[in-house]
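What's in start-v9.pdb: PDB, C-alpha atoms and all ligand atoms
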MODEL        1
ATOM      1  CA  MET Z   1       4.896   2.955  29.434  1.00  0.00           C
ATOM      2  CA  LYS Z   2       6.007  -0.654  29.096  1.00  0.00           C
ATOM      3  CA  ILE Z   3       3.887  -3.341  27.453  1.00  0.00           C
ATOM      4  CA  ILE Z   4       4.570  -6.794  26.040  1.00  0.00           C
ATOM      5  CA  CYS Z   5       5.583  -7.077  22.415  1.00  0.00           C
ATOM      6  CA  PRO Z   6       3.115  -9.370  20.605  1.00  0.00           C
ATOM      7  CA  ASP Z   7       5.866 -10.752  18.376  1.00  0.00           C
ATOM      8  CA  CYS Z   8       8.844 -11.512  20.606  1.00  0.00           C
ATOM      9  CA  LYS Z   9       7.130 -11.294  24.035  1.00  0.00           C
ATOM     10  CA  GLU Z  10       9.792  -8.934  25.288  1.00  0.00           C
ATOM     11  CA  LYS Z  11       9.188  -5.477  26.698  1.00  0.00           C
ATOM     12  CA  ALA Z  12       7.875  -3.010  24.170  1.00  0.00           C
ATOM     13  CA  PHE Z  13       7.232   0.667  24.652  1.00  0.00           C
ATOM     14  CA  LEU Z  14       3.869   2.428  24.436  1.00  0.00           C
ATOM     15  CA  SER Z  15       4.199   6.165  23.991  1.00  0.00           C
ATOM     16  CA  ASP Z  16       2.731   8.270  26.780  1.00  0.00           C
ATOM     17  CA  ASP Z  17       0.062   9.723  24.493  1.00  0.00           C
ATOM     18  CA  PHE Z  18      -0.993   6.177  23.414  1.00  0.00           C
ATOM     19  CA  THR Z  19      -0.252   6.860  19.749  1.00  0.00           C
ATOM     20  CA  PHE Z  20       2.322   4.189  18.930  1.00  0.00           C
ATOM     21  CA  VAL Z  21       3.912   0.970  20.114  1.00  0.00           C
ATOM     22  CA  LYS Z  22       7.541   0.167  19.484  1.00  0.00           C
ATOM     23  CA  CYS Z  23       9.791  -2.781  20.311  1.00  0.00           C
ATOM     24  CA  ASP Z  24      13.542  -2.231  20.143  1.00  0.00           C
ATOM     25  CA  ARG Z  25      14.306  -5.933  20.225  1.00  0.00           C
ATOM     26  CA  CYS Z  26      12.538  -7.167  17.069  1.00  0.00           C
ATOM     27  CA  GLY Z  27      11.710  -3.834  15.454  1.00  0.00           C
ATOM     28  CA  PHE Z  28       7.942  -4.163  15.916  1.00  0.00           C
ATOM     29  CA  GLU Z  29       6.311  -0.788  15.377  1.00  0.00           C
ATOM     30  CA  MET Z  30       2.627   0.077  15.012  1.00  0.00           C
ATOM     31  CA  THR Z  31       0.123   2.712  15.943  1.00  0.00           C
ATOM     32  CA  TYR Z  32      -1.788   1.827  19.078  1.00  0.00           C
ATOM     33  CA  GLY Z  33      -4.984   1.238  17.059  1.00  0.00           C
ATOM     34  CA  GLU Z  34      -3.177  -1.245  14.822  1.00  0.00           C
ATOM     35  CA  TYR Z  35      -1.579  -2.875  17.828  1.00  0.00           C
ATOM     36  CA  VAL Z  36      -4.973  -3.528  19.464  1.00  0.00           C
ATOM     37  CA  LYS Z  37      -6.284  -5.107  16.250  1.00  0.00           C
ATOM     38  CA  TYR Z  38      -3.075  -7.131  15.892  1.00  0.00           C
ATOM     39  CA  ILE Z  39      -3.421  -8.522  19.414  1.00  0.00           C
ATOM     40  CA  ALA Z  40      -7.087  -9.408  18.825  1.00  0.00           C
ATOM     41  CA  HIS Z  41      -6.135 -11.169  15.579  1.00  0.00           C
ATOM     42  CA  LYS Z  42      -3.335 -13.100  17.290  1.00  0.00           C
ATOM     43  CA  ASP Z  43      -5.636 -14.137  20.137  1.00  0.00           C
ATOM     44  CA  ALA Z  44      -8.217 -15.373  17.649  1.00  0.00           C
ATOM     45  CA  ARG Z  45      -5.608 -17.465  15.892  1.00  0.00           C
ATOM     46  CA  TYR Z  46      -4.368 -18.789  19.202  1.00  0.00           C
ATOM     47  CA  SER Z  47      -7.894 -19.869  20.139  1.00  0.00           C
ATOM     48  CA  ASP Z  48      -8.172 -21.670  16.800  1.00  0.00           C
ATOM     49  CA  ILE Z  49      -4.947 -23.528  17.482  1.00  0.00           C
ATOM     50  CA  LEU Z  50      -6.206 -24.556  20.899  1.00  0.00           C
ATOM     51  CA  SER Z  51      -9.518 -25.879  19.551  1.00  0.00           C
ATOM     52  CA  ASP Z  52      -7.669 -27.815  16.824  1.00  0.00           C
ATOM     53  CA  TYR Z  53      -5.454 -29.277  19.478  1.00  0.00           C
ATOM     54  CA  LYS Z  54      -8.412 -30.382  21.560  1.00  0.00           C
ATOM     55  CA  GLU Z  55     -10.129 -32.023  18.596  1.00  0.00           C
ATOM     56  CA  LYS Z  56      -7.057 -33.937  17.517  1.00  0.00           C
ATOM     57  CA  ASN Z  57      -6.375 -35.199  20.991  1.00  0.00           C
ATOM     58  CA  TYR Z  58      -9.932 -36.015  21.962  1.00  0.00           C
TER      59      TYR Z  58
HETATM   60 ZN    ZN S 101       9.437  -7.410  19.856  1.00  0.00          ZN
ENDMDL
END
What is this file in structure tokens?
Ligand SMILES: [Zn+2]
Amino acid sequence: MKIICPDCKEKAFLSDDFTFVKCDRCGFEMTYGEYVKYIAHKDARYSDILSDYKEKNY
């Protein structure tokens, strides 16, 4: 199954049994559990960046 790679935003591959995620383009490879945490962490950082941006440009 195809998903989006969190690092390069290209198509990554999620194994059919949902055990691992792999991106051939940048070499990203994680278990699905790690991948979910990684995405959550990235999103949190992204939200921080957005709030910083708002404050600076207020
Ligand atoms: Zn990638």
> Hey, which residues come within 7 Å of ligand ZN 101 (chain S) if we count all atoms listed in the file? Could you give them as a list in words?
Replying inline: Cys5, Pro6, Asp7, Cys8, Lys9, Glu10, Ala12, Cys23, Asp24, Arg25, Cys26, Gly27 and Phe28 of chain Z
>> I'd like the interatomic distance between atom CA of Z:Thr19 and atom CA of Z:Ile39, to a tenth of an Å.
In response: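 Distance between the two atoms: 15.7 Å.
Relative to atom CA of Z:Lys2, atom CA of Z:His41 is found at 21.0 Å.
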>> Rounded to one decimal, what separation in Å do you get between atom CA of Z:Met30 and atom CA of Z:Leu14?
In response: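 Between atom CA of Z:Met30 and atom CA of Z:Leu14 the gap works out to 9.8 Å.
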> Which residues come within 12 Å of Z:Phe18, counting all atoms listed in the file, excluding same-chain residues fewer than 3 positions away, as a list in words?
Replying inline: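 Contacts, in chain order: Met1, Lys2, Ile3, Phe13, Leu14, Ser15, Val21, Lys22, Met30, Thr31, Tyr32, Gly33, Glu34, Tyr35 and Val36 of chain Z.
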Enclosing box along x, y and z for every listed atom of stretch 21-35 of chain Z, padded 3 Å each side, centre and size in Å, one decimal, as JSON:
{"center_x": 4.7, "center_y": -2.2, "center_z": 17.6, "size_x": 25.3, "size_y": 15.9, "size_z": 11.5}
